[in-house]
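Text of work.txt (compact mmCIF, C-alpha atoms and all ligand atoms) as supplied:
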# COMPACT_ATOMS: atom_id res chain seq x y z
CA MET Z 233 -165.55 89.86 -99.55
CA SER Z 234 -162.80 87.44 -100.57
CA VAL Z 235 -161.74 84.53 -98.40
CA THR Z 236 -158.24 84.72 -96.91
CA LYS Z 237 -156.27 81.50 -97.33
CA VAL Z 238 -154.41 80.91 -94.09
CA LEU Z 239 -151.83 78.24 -93.31
CA CYS Z 240 -151.27 77.44 -89.62
CA VAL Z 241 -147.92 75.70 -89.00
CA LEU Z 242 -147.00 73.72 -85.92
CA GLY Z 243 -144.18 71.37 -85.01
CA THR Z 244 -143.79 70.79 -81.27
CA ARG Z 245 -145.89 70.23 -78.16
CA PRO Z 246 -146.14 73.87 -77.03
CA GLU Z 247 -146.91 75.13 -80.53
CA ALA Z 248 -149.83 72.72 -80.82
CA ILE Z 249 -151.23 73.82 -77.46
CA LYS Z 250 -150.86 77.51 -78.23
CA ILE Z 251 -151.99 77.60 -81.86
CA ALA Z 252 -154.96 75.25 -81.32
CA PRO Z 253 -157.24 78.05 -80.04
CA VAL Z 254 -156.38 80.13 -83.12
CA ILE Z 255 -157.12 77.25 -85.50
CA HIS Z 256 -160.48 76.73 -83.82
CA ALA Z 257 -161.29 80.45 -83.91
CA LEU Z 258 -160.39 80.67 -87.62
CA ASN Z 259 -162.51 77.62 -88.37
CA LEU Z 260 -165.52 79.42 -86.85
CA GLU Z 261 -165.19 82.04 -89.63
CA PRO Z 262 -165.36 80.07 -92.90
CA LYS Z 263 -166.70 83.06 -94.82
CA SER Z 264 -163.55 85.03 -93.98
CA PHE Z 265 -160.86 82.34 -93.75
CA GLN Z 266 -160.02 79.10 -95.48
CA THR Z 267 -157.73 77.49 -92.93
CA ARG Z 268 -155.22 74.73 -93.52
CA VAL Z 269 -152.88 73.13 -90.98
CA LEU Z 270 -149.35 71.90 -91.66
CA ALA Z 271 -147.40 69.88 -89.10
CA THR Z 272 -143.63 69.76 -89.54
CA ALA Z 273 -143.72 67.10 -86.80
CA GLN Z 274 -140.46 68.41 -85.36
CA HIS Z 275 -141.88 66.46 -82.41
CA ARG Z 276 -143.69 63.24 -83.26
CA ARG Z 277 -145.23 61.61 -80.21
CA MET Z 278 -145.65 64.77 -78.10
CA LEU Z 279 -147.21 66.58 -81.05
CA ASP Z 280 -149.64 63.76 -81.78
CA GLN Z 281 -150.63 63.71 -78.08
CA MET Z 282 -151.65 67.37 -78.29
CA LEU Z 283 -153.32 67.16 -81.71
CA ALA Z 284 -155.56 64.41 -80.30
CA VAL Z 285 -156.47 66.52 -77.23
CA PHE Z 286 -157.48 69.48 -79.40
CA SER Z 287 -159.06 67.37 -82.20
CA ILE Z 288 -156.80 68.81 -84.90
CA SER Z 289 -155.92 66.75 -87.99
CA PRO Z 290 -153.20 68.43 -90.04
CA ASP Z 291 -153.92 68.66 -93.77
CA THR Z 292 -150.21 68.01 -94.35
CA ASP Z 293 -147.65 66.29 -92.18
CA LEU Z 294 -143.97 66.58 -93.12
CA ASP Z 295 -143.03 63.95 -90.48
CA LEU Z 296 -139.57 65.47 -89.95
CA MET Z 297 -138.55 64.34 -86.45
CA ARG Z 298 -135.43 62.19 -86.17
CA PRO Z 299 -134.18 60.79 -82.84
CA GLY Z 300 -131.50 63.01 -81.28
CA GLN Z 301 -131.82 65.62 -84.03
CA GLU Z 302 -129.28 68.45 -84.19
CA LEU Z 303 -130.31 72.06 -84.75
CA ALA Z 304 -128.67 72.57 -88.13
CA GLU Z 305 -129.94 69.38 -89.75
CA LEU Z 306 -133.44 69.95 -88.39
CA THR Z 307 -133.35 73.52 -89.71
CA GLY Z 308 -132.33 72.24 -93.14
CA ARG Z 309 -135.09 69.64 -93.25
CA VAL Z 310 -137.79 72.12 -92.18
CA LEU Z 311 -136.62 74.75 -94.67
CA ALA Z 312 -136.62 72.28 -97.55
CA GLY Z 313 -140.03 70.87 -96.60
CA MET Z 314 -141.69 74.24 -96.02
CA THR Z 315 -140.23 75.76 -99.19
CA GLU Z 316 -141.45 72.89 -101.35
CA TYR Z 317 -144.91 73.06 -99.77
CA LEU Z 318 -145.23 76.84 -100.09
CA SER Z 319 -144.17 76.76 -103.73
CA ALA Z 320 -146.88 74.20 -104.52
CA HIS Z 321 -149.75 76.00 -102.71
CA ARG Z 322 -151.00 79.55 -102.62
CA PHE Z 323 -151.59 81.17 -99.23
CA ASP Z 324 -152.40 84.77 -98.39
CA LEU Z 325 -151.02 84.41 -94.88
CA VAL Z 326 -149.00 81.94 -92.82
CA LEU Z 327 -149.23 81.79 -89.01
CA ALA Z 328 -146.87 80.15 -86.55
CA GLN Z 329 -146.34 80.41 -82.82
CA GLY Z 330 -143.39 80.86 -80.51
CA ASP Z 331 -139.66 80.41 -80.93
CA THR Z 332 -138.93 76.86 -82.05
CA THR Z 333 -136.97 75.81 -85.12
CA THR Z 334 -140.32 75.17 -86.82
CA ALA Z 335 -141.51 78.73 -86.16
CA MET Z 336 -138.20 80.36 -87.13
CA VAL Z 337 -137.79 78.38 -90.33
CA THR Z 338 -141.41 78.90 -91.33
CA ALA Z 339 -140.92 82.66 -91.01
CA LEU Z 340 -137.74 82.39 -93.07
CA ALA Z 341 -139.42 80.28 -95.77
CA CYS Z 342 -142.24 82.84 -95.95
CA PHE Z 343 -139.69 85.64 -96.30
CA TYR Z 344 -138.03 83.86 -99.21
CA ALA Z 345 -141.41 83.03 -100.79
CA ARG Z 346 -142.69 86.59 -100.14
CA ILE Z 347 -145.75 85.39 -98.25
CA PRO Z 348 -147.02 87.51 -95.31
CA PHE Z 349 -146.22 85.87 -91.98
CA GLY Z 350 -148.08 86.39 -88.70
CA HIS Z 351 -146.26 85.60 -85.45
CA ILE Z 352 -148.23 84.45 -82.43
CA GLU Z 353 -146.44 85.17 -79.12
CA ALA Z 354 -144.28 87.90 -80.62
CA GLY Z 355 -141.87 90.15 -78.74
CA LEU Z 356 -140.54 87.88 -75.99
CA ARG Z 357 -136.89 88.66 -75.27
CA THR Z 358 -134.24 87.90 -72.67
CA GLY Z 359 -131.63 90.03 -74.41
CA ASP Z 360 -129.19 87.11 -74.16
CA LEU Z 361 -128.63 85.04 -77.30
CA SER Z 362 -127.35 82.13 -75.21
CA ALA Z 363 -130.43 81.85 -72.99
CA PRO Z 364 -132.66 80.31 -73.93
CA TYR Z 365 -130.65 78.72 -76.72
CA PRO Z 366 -131.47 78.76 -79.60
CA GLU Z 367 -134.90 80.31 -78.91
CA GLU Z 368 -133.76 83.91 -78.32
CA PHE Z 369 -132.03 83.90 -81.72
CA ASN Z 370 -135.12 82.35 -83.31
CA ARG Z 371 -137.36 85.11 -81.91
CA ARG Z 372 -135.21 87.85 -83.34
CA VAL Z 373 -135.04 86.24 -86.78
CA ILE Z 374 -138.79 85.69 -86.74
CA ALA Z 375 -139.46 89.34 -85.94
CA LEU Z 376 -137.48 90.42 -89.01
CA ALA Z 377 -139.63 88.23 -91.27
CA THR Z 378 -142.99 88.98 -89.63
CA LYS Z 379 -145.73 91.20 -90.95
CA TYR Z 380 -148.29 90.88 -88.13
CA HIS Z 381 -146.90 90.66 -84.59
CA PHE Z 382 -149.34 89.23 -82.03
CA ALA Z 383 -147.73 90.21 -78.74
CA PRO Z 384 -149.12 88.51 -75.65
CA THR Z 385 -148.45 91.40 -73.27
CA ALA Z 386 -147.68 95.12 -73.28
CA SER Z 387 -144.06 94.51 -72.33
CA ALA Z 388 -143.63 92.11 -75.27
CA ALA Z 389 -145.08 94.84 -77.51
CA ASP Z 390 -142.59 97.32 -76.03
CA ASN Z 391 -139.72 95.00 -76.96
CA LEU Z 392 -140.91 95.07 -80.56
CA LEU Z 393 -141.28 98.85 -80.58
CA LYS Z 394 -137.66 99.09 -79.39
CA GLU Z 395 -136.72 97.08 -82.49
CA ARG Z 396 -138.48 99.73 -84.59
CA ILE Z 397 -141.41 97.59 -85.61
CA LEU Z 398 -144.31 99.76 -86.66
CA PRO Z 399 -146.92 100.14 -83.89
CA GLU Z 400 -149.80 99.54 -86.32
CA LEU Z 401 -148.45 96.02 -86.99
CA ILE Z 402 -148.32 95.04 -83.29
CA PHE Z 403 -151.46 93.67 -81.61
CA ILE Z 404 -151.61 93.00 -77.86
CA THR Z 405 -153.76 89.92 -77.57
CA GLY Z 406 -152.93 88.02 -74.38
CA ASN Z 407 -151.34 84.58 -74.65
CA THR Z 408 -153.34 81.85 -76.36
CA VAL Z 409 -152.03 79.35 -73.78
CA ILE Z 410 -154.57 80.78 -71.33
CA ASP Z 411 -157.36 80.11 -73.86
CA ALA Z 412 -156.14 76.51 -74.08
CA LEU Z 413 -155.76 76.10 -70.33
CA PHE Z 414 -159.25 77.42 -69.52
CA TYR Z 415 -160.77 75.31 -72.29
CA ILE Z 416 -159.19 72.14 -70.88
CA LEU Z 417 -159.76 72.81 -67.18
CA HIS Z 418 -163.38 73.84 -67.66
CA GLY Z 419 -164.19 70.99 -70.01
CA THR Z 420 -162.43 67.92 -68.56
CA GLU Z 421 -161.99 65.91 -65.36
CA SER Z 422 -158.63 64.99 -63.87
CA PRO Z 423 -157.55 61.55 -65.13
CA PRO Z 424 -156.14 59.05 -62.59
CA HIS Z 425 -152.58 59.89 -61.58
CA PRO Z 426 -149.61 58.20 -59.90
CA ILE Z 427 -149.36 60.27 -56.68
CA PRO Z 428 -150.91 58.53 -53.65
CA GLU Z 429 -154.18 60.14 -52.54
CA GLY Z 430 -153.69 63.07 -50.18
CA ARG Z 431 -149.91 63.38 -50.66
CA GLU Z 432 -148.27 66.65 -51.58
CA TYR Z 433 -146.21 66.80 -54.76
CA VAL Z 434 -143.91 69.07 -56.72
CA LEU Z 435 -144.43 68.88 -60.49
CA MET Z 436 -141.28 69.24 -62.57
CA THR Z 437 -140.38 69.90 -66.21
CA CYS Z 438 -136.82 70.32 -67.48
CA HIS Z 439 -135.56 70.25 -71.03
CA ARG Z 440 -133.61 73.39 -72.05
CA ARG Z 441 -130.70 72.85 -74.42
CA GLU Z 442 -128.39 75.41 -72.79
CA ILE Z 443 -128.02 73.24 -69.66
CA PHE Z 444 -127.41 69.90 -71.39
CA GLY Z 445 -124.43 68.03 -69.97
CA ASP Z 446 -123.01 68.77 -66.50
CA ARG Z 447 -125.62 71.38 -65.57
CA ILE Z 448 -128.69 69.24 -66.21
CA ARG Z 449 -127.03 66.40 -64.30
CA GLU Z 450 -126.45 68.80 -61.39
CA VAL Z 451 -130.15 69.81 -61.43
CA PHE Z 452 -131.17 66.15 -61.29
CA ALA Z 453 -128.62 65.36 -58.56
CA THR Z 454 -129.90 68.30 -56.51
CA VAL Z 455 -133.46 67.11 -56.83
CA ARG Z 456 -132.52 63.54 -55.95
CA ASP Z 457 -130.63 64.63 -52.84
CA TYR Z 458 -133.45 66.95 -51.74
CA PHE Z 459 -136.24 64.41 -52.12
CA SER Z 460 -134.20 61.64 -50.54
CA ARG Z 461 -134.04 63.87 -47.43
CA HIS Z 462 -137.79 64.66 -47.65
CA ARG Z 463 -139.44 61.31 -48.25
CA GLU Z 464 -142.89 62.60 -47.21
CA ILE Z 465 -143.14 64.87 -50.30
CA PHE Z 466 -143.41 63.52 -53.85
CA LEU Z 467 -141.73 64.78 -56.99
CA TRP Z 468 -143.53 64.05 -60.27
CA TYR Z 469 -141.46 64.51 -63.40
CA PRO Z 470 -142.95 63.68 -66.83
CA VAL Z 471 -139.62 63.27 -68.57
CA HIS Z 472 -138.99 65.03 -71.89
CA PRO Z 473 -137.99 62.36 -74.47
CA ASN Z 474 -134.92 64.19 -75.80
CA PRO Z 475 -132.12 61.64 -75.16
CA GLU Z 476 -129.96 64.44 -73.66
CA VAL Z 477 -132.67 64.80 -71.00
CA ALA Z 478 -134.18 61.35 -70.59
CA GLY Z 479 -130.74 59.63 -70.37
CA PRO Z 480 -129.49 61.50 -67.28
CA ALA Z 481 -133.01 61.82 -65.81
CA TYR Z 482 -133.59 58.07 -65.60
CA GLU Z 483 -129.97 57.41 -64.59
CA ILE Z 484 -129.95 59.90 -61.71
CA LEU Z 485 -133.58 60.05 -60.54
CA SER Z 486 -134.68 56.40 -60.70
CA GLY Z 487 -135.08 54.21 -57.64
CA LEU Z 488 -136.60 56.53 -55.01
CA SER Z 489 -140.19 55.74 -54.08
CA ASN Z 490 -141.18 59.42 -53.78
CA ILE Z 491 -139.73 60.42 -57.18
CA ILE Z 492 -142.20 59.49 -59.89
CA LEU Z 493 -140.86 59.55 -63.45
CA THR Z 494 -143.47 59.22 -66.19
CA GLU Z 495 -143.81 59.65 -69.90
CA PRO Z 496 -144.80 63.16 -71.10
CA LEU Z 497 -148.42 63.86 -70.18
CA ASP Z 498 -151.07 64.99 -72.60
CA TYR Z 499 -152.42 68.47 -71.94
CA ILE Z 500 -155.51 67.27 -70.08
CA ALA Z 501 -153.40 65.26 -67.63
CA PHE Z 502 -150.73 67.95 -67.30
CA SER Z 503 -153.19 70.81 -66.71
CA HIS Z 504 -154.86 68.87 -63.90
CA ALA Z 505 -151.45 67.80 -62.58
CA MET Z 506 -150.45 71.48 -62.35
CA ASN Z 507 -153.71 72.29 -60.62
CA GLY Z 508 -153.15 69.59 -58.01
CA ALA Z 509 -149.45 70.33 -57.38
CA ARG Z 510 -148.13 72.20 -54.37
CA LEU Z 511 -145.67 74.00 -56.66
CA LEU Z 512 -143.78 73.67 -59.94
CA LEU Z 513 -140.08 73.31 -60.63
CA SER Z 514 -139.70 74.13 -64.29
CA ASP Z 515 -137.73 75.63 -67.15
CA SER Z 516 -140.73 75.58 -69.51
CA GLY Z 517 -141.92 78.78 -71.09
CA GLY Z 518 -145.56 77.73 -71.07
CA VAL Z 519 -145.56 76.66 -67.42
CA GLN Z 520 -144.41 80.16 -66.39
CA GLU Z 521 -147.55 81.49 -68.10
CA GLU Z 522 -150.02 78.88 -66.89
CA ALA Z 523 -148.98 78.74 -63.23
CA PRO Z 524 -149.88 82.34 -62.34
CA ALA Z 525 -153.41 81.77 -63.69
CA LEU Z 526 -153.67 78.74 -61.40
CA GLY Z 527 -152.05 80.40 -58.37
CA LYS Z 528 -149.22 77.83 -58.32
CA PRO Z 529 -145.73 79.07 -57.42
CA VAL Z 530 -142.97 78.22 -59.90
CA LEU Z 531 -139.29 77.85 -59.12
CA VAL Z 532 -137.89 78.65 -62.56
CA LEU Z 533 -134.81 76.61 -63.42
CA ARG Z 534 -133.36 79.48 -65.43
CA ASP Z 535 -131.17 82.52 -64.76
CA VAL Z 536 -133.10 84.79 -67.14
CA THR Z 537 -136.63 84.74 -68.44
CA GLU Z 538 -138.41 86.35 -71.36
CA ARG Z 539 -141.56 86.20 -69.23
CA PRO Z 540 -140.94 88.89 -66.60
CA GLU Z 541 -144.66 89.35 -65.85
CA GLY Z 542 -144.86 86.14 -63.80
CA VAL Z 543 -141.83 87.21 -61.75
CA ALA Z 544 -143.30 90.69 -61.25
CA ALA Z 545 -146.62 89.13 -60.21
CA GLY Z 546 -144.70 87.24 -57.50
CA THR Z 547 -145.68 83.76 -58.76
CA CYS Z 548 -142.38 82.86 -60.46
CA LEU Z 549 -138.97 82.89 -58.79
CA LEU Z 550 -135.78 82.45 -60.81
CA VAL Z 551 -133.50 79.88 -59.16
CA GLY Z 552 -131.49 78.86 -62.23
CA PRO Z 553 -129.91 75.42 -62.47
CA HIS Z 554 -128.09 76.07 -59.16
CA ARG Z 555 -128.10 73.67 -56.20
CA ASP Z 556 -128.14 76.29 -53.43
CA ARG Z 557 -130.94 78.34 -54.98
CA ILE Z 558 -133.09 75.32 -55.86
CA GLU Z 559 -132.79 73.98 -52.31
CA ALA Z 560 -133.48 77.39 -50.76
CA GLY Z 561 -136.53 77.85 -53.02
CA LEU Z 562 -137.92 74.42 -52.15
CA ASN Z 563 -137.37 75.06 -48.43
CA ARG Z 564 -139.14 78.41 -48.61
CA LEU Z 565 -142.15 77.10 -50.49
CA LEU Z 566 -142.52 73.75 -48.74
CA PHE Z 567 -141.82 74.81 -45.15
CA ASP Z 568 -142.62 78.53 -44.86
CA PRO Z 569 -146.42 78.93 -45.12
CA ARG Z 570 -146.30 82.73 -45.27
CA GLU Z 571 -143.82 82.67 -48.13
CA TYR Z 572 -145.98 80.08 -49.89
CA GLU Z 573 -149.15 82.19 -49.50
CA ARG Z 574 -147.32 85.23 -50.81
CA MET Z 575 -146.49 83.45 -54.08
CA ALA Z 576 -149.60 81.29 -54.44
CA ARG Z 577 -152.24 83.80 -55.42
CA ALA Z 578 -154.01 83.42 -58.75
CA ARG Z 579 -153.18 86.23 -61.13
CA ASN Z 580 -153.56 86.55 -64.88
CA PRO Z 581 -150.75 88.61 -66.38
CA TYR Z 582 -150.86 86.48 -69.53
CA GLY Z 583 -154.46 86.55 -70.61
CA ASP Z 584 -158.17 86.16 -70.07
CA GLY Z 585 -158.82 83.24 -72.41
CA LYS Z 586 -159.79 85.47 -75.35
CA ALA Z 587 -156.46 85.85 -77.14
CA ALA Z 588 -157.43 83.78 -80.18
CA GLY Z 589 -160.54 85.91 -80.72
CA ARG Z 590 -158.39 89.06 -80.66
CA ILE Z 591 -155.96 87.55 -83.20
CA VAL Z 592 -158.83 86.71 -85.55
CA ALA Z 593 -160.35 90.18 -85.10
CA ALA Z 594 -156.98 91.75 -85.93
CA LEU Z 595 -156.69 89.61 -89.06
CA LYS Z 596 -160.16 90.72 -90.13
CA GLY Z 597 -159.17 94.33 -89.56
CA GLU Z 598 -161.86 94.66 -86.88
CA PRO Z 599 -161.37 96.76 -83.74
CA PHE Z 600 -160.88 94.93 -80.43
CA GLU Z 601 -159.95 95.76 -76.85
CA PRO Z 602 -156.26 94.89 -76.43
CA TRP Z 603 -155.30 92.68 -73.50
CA ARG Z 604 -154.21 94.83 -70.56
CA GLY Z 605 -152.88 92.28 -68.07
C1 LIG B 1 -138.02 71.88 -78.86
C2 LIG B 1 -137.80 73.37 -79.07
C3 LIG B 1 -137.92 74.13 -77.76
C4 LIG B 1 -139.22 73.80 -77.07
C5 LIG B 1 -139.37 72.30 -76.94
C6 LIG B 1 -140.71 71.97 -76.36
C7 LIG B 1 -136.22 73.99 -80.82
C8 LIG B 1 -134.81 74.24 -81.18
N1 LIG B 1 -136.44 73.58 -79.58
O1 LIG B 1 -136.96 71.41 -78.05
O2 LIG B 1 -137.87 75.52 -78.02
O3 LIG B 1 -139.22 74.40 -75.80
O4 LIG B 1 -139.26 71.67 -78.22
O5 LIG B 1 -140.75 70.67 -75.84
O6 LIG B 1 -137.09 74.17 -81.65
N2 LIG B 1 -138.36 63.62 -79.08
C9 LIG B 1 -139.06 62.44 -79.17
N3 LIG B 1 -140.43 62.49 -79.31
C10 LIG B 1 -141.10 63.66 -79.35
C11 LIG B 1 -140.38 64.85 -79.23
C12 LIG B 1 -139.00 64.82 -79.11
O7 LIG B 1 -138.49 61.36 -79.14
O8 LIG B 1 -142.32 63.63 -79.45
C13 LIG B 1 -136.88 63.56 -78.95
C14 LIG B 1 -136.21 63.19 -80.27
O9 LIG B 1 -135.09 62.41 -80.01
C15 LIG B 1 -135.80 64.55 -80.81
C16 LIG B 1 -135.40 65.24 -79.53
O10 LIG B 1 -136.37 64.84 -78.58
O11 LIG B 1 -134.75 64.49 -81.75
C17 LIG B 1 -135.29 66.72 -79.59
O12 LIG B 1 -136.46 67.33 -80.15
P1 LIG B 1 -136.33 68.86 -80.65
O13 LIG B 1 -137.66 69.32 -81.10
O14 LIG B 1 -135.20 69.03 -81.61
O15 LIG B 1 -135.87 69.65 -79.36
P2 LIG B 1 -136.58 69.87 -77.99
O16 LIG B 1 -135.50 69.77 -76.97
O17 LIG B 1 -137.78 69.01 -77.87
N1 LIG B 2 -146.92 70.12 -70.91
C1 LIG B 2 -147.73 69.01 -71.12
N2 LIG B 2 -147.28 67.78 -70.72
C2 LIG B 2 -146.08 67.61 -70.11
C3 LIG B 2 -145.26 68.74 -69.90
C4 LIG B 2 -145.70 69.97 -70.33
O1 LIG B 2 -148.83 69.13 -71.64
O2 LIG B 2 -145.75 66.46 -69.75
C5 LIG B 2 -147.39 71.42 -71.41
C6 LIG B 2 -147.31 72.60 -70.44
O3 LIG B 2 -148.53 72.75 -69.73
C7 LIG B 2 -147.06 73.78 -71.35
C8 LIG B 2 -146.27 73.16 -72.48
O4 LIG B 2 -146.52 71.76 -72.46
O5 LIG B 2 -148.25 74.29 -71.91
C9 LIG B 2 -144.82 73.43 -72.29
O6 LIG B 2 -144.12 72.68 -73.18
P1 LIG B 2 -142.55 72.52 -73.11
O7 LIG B 2 -142.09 72.59 -71.71
O8 LIG B 2 -142.25 71.30 -73.89
O9 LIG B 2 -142.04 73.76 -73.97
P2 LIG B 2 -141.79 75.32 -73.68
O10 LIG B 2 -143.02 75.92 -73.13
O11 LIG B 2 -140.64 75.39 -72.74
O12 LIG B 2 -141.41 75.81 -75.03
Can you dump the structure from the file as structure tokens?
Amino acid sequence: MSVTKVLCVLGTRPEAIKIAPVIHALNLEPKSFQTRVLATAQHRRMLDQMLAVFSISPDTDLDLMRPGQELAELTGRVLAGMTEYLSAHRFDLVLAQGDTTTAMVTALACFYARIPFGHIEAGLRTGDLSAPYPEEFNRRVIALATKYHFAPTASAADNLLKERILPELIFITGNTVIDALFYILHGTESPPHPIPEGREYVLMTCHRREIFGDRIREVFATVRDYFSRHREIFLWYPVHPNPEVAGPAYEILSGLSNIILTEPLDYIAFSHAMNGARLLLSDSGGVQEEAPALGKPVLVLRDVTERPEGVAAGTCLLVGPHRDRIEAGLNRLLFDPREYERMARARNPYGDGKAAGRIVAALKGEPFEPWRG
């Protein structure tokens, strides 16, 4: 049997977290796969944080991040770097995860180079090209250039079928983020953290491009006003380093003793921080998948989501970037115990921790039980 030469590409924090289980699973099968890792380093510091947690050393690092990078120039840099690399090396298959510029451009470079591309976390859709922006566009482009579609859930697979993708090329695997989350929570202790012992806290993430400007400022102003009225509850926000986020975040949220702004956390610290939080206030994709597994309610700072399973499970509630809905959501979850209990039950619509094994089985052409969340 010949060995399949696989290139795993990653660029940002969530890609590293979600492709790490696949890299480890491929490395367990050296007779079937020769695995190489390429980092575009679309993110620098947040990527390195995650590579260290998962003990991954890329074979190649394009080191592409520039402060305050714009979408078009980043796209151009990734396409040039990937194209040059793919023309100098022979791979039978390239894998990438999600909907970032790195993932979209890698799929495009593979299409031009005529190399089969496998997409991890395929089939997520909001149906709205402006939300999330540019990720919904990226997903659709990726699907056109993908040979193997690894859909995390049945509804993601349905989205692909509606786009006339052949059923035999769609594999329902569960989301690899649950593999990563279980691996970290079962294998590590909570590091020290900045919330005083015994105090309740809300954990926040916020970084989506479509709300940059007035709307992100309004989210931060809402949070500041709310927590200045409720000094007994803490808000912990590891601030995303994008200057469009960090600038207004530090300007608007600094100076209150119960609002704790920190640097981005590595995945060990963040997983335990989620586990210890009362609830999450977040526009992250990954957090919407992790929180149901932990039984932590999420107020989702978005009007639409490509992850309807968490909403259907009752763990995620869409409040958008809107003052009235954010305040109402916080009031419900912080001061109405019955409402809190209704949302805070552990459920696993996104996986059982075995997604990477299913992806590797699919690549080997072996049968496996699809994930049925
Ligand atoms: C990107 C992805 C988004 C994903 C997010 C995860 C695109 C278009 N966007 O958005 O889908 O949800 O990552 O976090 O692919 N920066 C640093 N250090 C870092 C990382 C970022 O300083 O380690 C700053 C830099 O100034 C950089 C900026 O953040 O230019 C933006 O990074 P970029 O990857 O372009 O966009 P994100 O908003 O992080
Ligand atoms: N995360 C982390 N540290 C942080 C914030 C988030 O490890 O300080 C993790 C989080 O658990 C999730 C992922 O990063 O797995 C989400 O990344 P992000 O919000 O950057 O991107 P998205 O999921 O929205 O694409």
Within 9 Å of ligand LIG 2 (chain B) (only C-alpha atoms and all ligand atoms), residues as a VMD selection string: chain Z and resid 244 to 247 249 to 250 278 281 to 282 330 to 332 367 409 412 to 413 436 to 440 469 to 472 494 to 503 506 514 to 523
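Using all atoms listed in the file, the protein and nucleic acid residues lying no more than 6 Å from segment 579-592 of chain Z, apart from those fewer than 5 places from it along its own chain, are Pro253, Val254, Thr405, Gly406, Asn407, Thr408, Ile410, Asp411, Pro524, Ala525 and Gly605 of chain Z.
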Take the residues from that selection and put them in a file with C-alpha atoms, as a short mmCIF file (atom, residue, chain, number, x, y, z; two decimals), keeping the file's coordinate frame.
data_model
loop_
_atom_site.label_atom_id
_atom_site.label_comp_id
_atom_site.auth_asym_id
_atom_site.auth_seq_id
_atom_site.Cartn_x
_atom_site.Cartn_y
_atom_site.Cartn_z
CA PRO Z 253 -157.24 78.05 -80.04
CA VAL Z 254 -156.38 80.13 -83.12
CA THR Z 405 -153.76 89.92 -77.57
CA GLY Z 406 -152.93 88.02 -74.38
CA ASN Z 407 -151.34 84.58 -74.65
CA THR Z 408 -153.34 81.85 -76.36
CA ILE Z 410 -154.57 80.78 -71.33
CA ASP Z 411 -157.36 80.11 -73.86
CA PRO Z 524 -149.88 82.34 -62.34
CA ALA Z 525 -153.41 81.77 -63.69
CA GLY Z 605 -152.88 92.28 -68.07
#
Selection: 10 Å around segment 423-429 of chain Z, only C-alpha atoms, excl. self and same-chain fewer than 3 positions, as a PDB file with C-alpha atoms, keeping the file's coordinate frame:
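Output below, filename selection.pdb:
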ATOM      1  CA  THR Z 420    -162.430  67.920 -68.560  1.00  0.00           C
ATOM      2  CA  GLU Z 432    -148.270  66.650 -51.580  1.00  0.00           C
ATOM      3  CA  TYR Z 433    -146.210  66.800 -54.760  1.00  0.00           C
ATOM      4  CA  PHE Z 466    -143.410  63.520 -53.850  1.00  0.00           C
ATOM      5  CA  LEU Z 467    -141.730  64.780 -56.990  1.00  0.00           C
ATOM      6  CA  TRP Z 468    -143.530  64.050 -60.270  1.00  0.00           C
ATOM      7  CA  ASN Z 490    -141.180  59.420 -53.780  1.00  0.00           C
ATOM      8  CA  ILE Z 491    -139.730  60.420 -57.180  1.00  0.00           C
ATOM      9  CA  ILE Z 492    -142.200  59.490 -59.890  1.00  0.00           C
ATOM     10  CA  LEU Z 493    -140.860  59.550 -63.450  1.00  0.00           C
ATOM     11  CA  THR Z 494    -143.470  59.220 -66.190  1.00  0.00           C
ATOM     12  CA  ILE Z 500    -155.510  67.270 -70.080  1.00  0.00           C
ATOM     13  CA  ALA Z 501    -153.400  65.260 -67.630  1.00  0.00           C
ATOM     14  CA  PHE Z 502    -150.730  67.950 -67.300  1.00  0.00           C
ATOM     15  CA  HIS Z 504    -154.860  68.870 -63.900  1.00  0.00           C
ATOM     16  CA  ALA Z 505    -151.450  67.800 -62.580  1.00  0.00           C
TER      17      ALA Z 505
END
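If you measure from each of Z:Val241, Z:Met336, Z:Leu417, Z:Met314 to ligand LIG 1 (chain B) using all atoms listed in the file, the closest one turns out to be Z:Met336.
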Atom CA of Pro399 of chain Z to atom CA of Leu327 of chain Z, straight-line distance in Å: 19.2 Å
Between atom CA of Pro299 of chain Z and atom CA of Cys240 of chain Z - distance in Å to one decimal: 24.8 Å
Selection near segment 370-377 of chain Z, 9 Å with only C-alpha atoms, sequence-local residues under 4 positions removed, as a ChimeraX atom specification: /Z:330-333,335-340,342-343,348-349,351,354-357,365-366,381,392,395,397
Polymer residues at most 10 Å from (-134.4, 61.1, -50.8) by only C-alpha atoms, as JSON, numbers by chain: {"Z": [455, 456, 457, 458, 459, 460, 461, 462, 463, 464, 465, 466, 485, 487, 488, 489, 490, 491]}
Straight-line distance linking atom CA of Ala383 of chain Z with atom C7 of ligand LIG 1 (chain B), stated in Å to one decimal: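 Computing it gives 20.0 Å between the two atoms.
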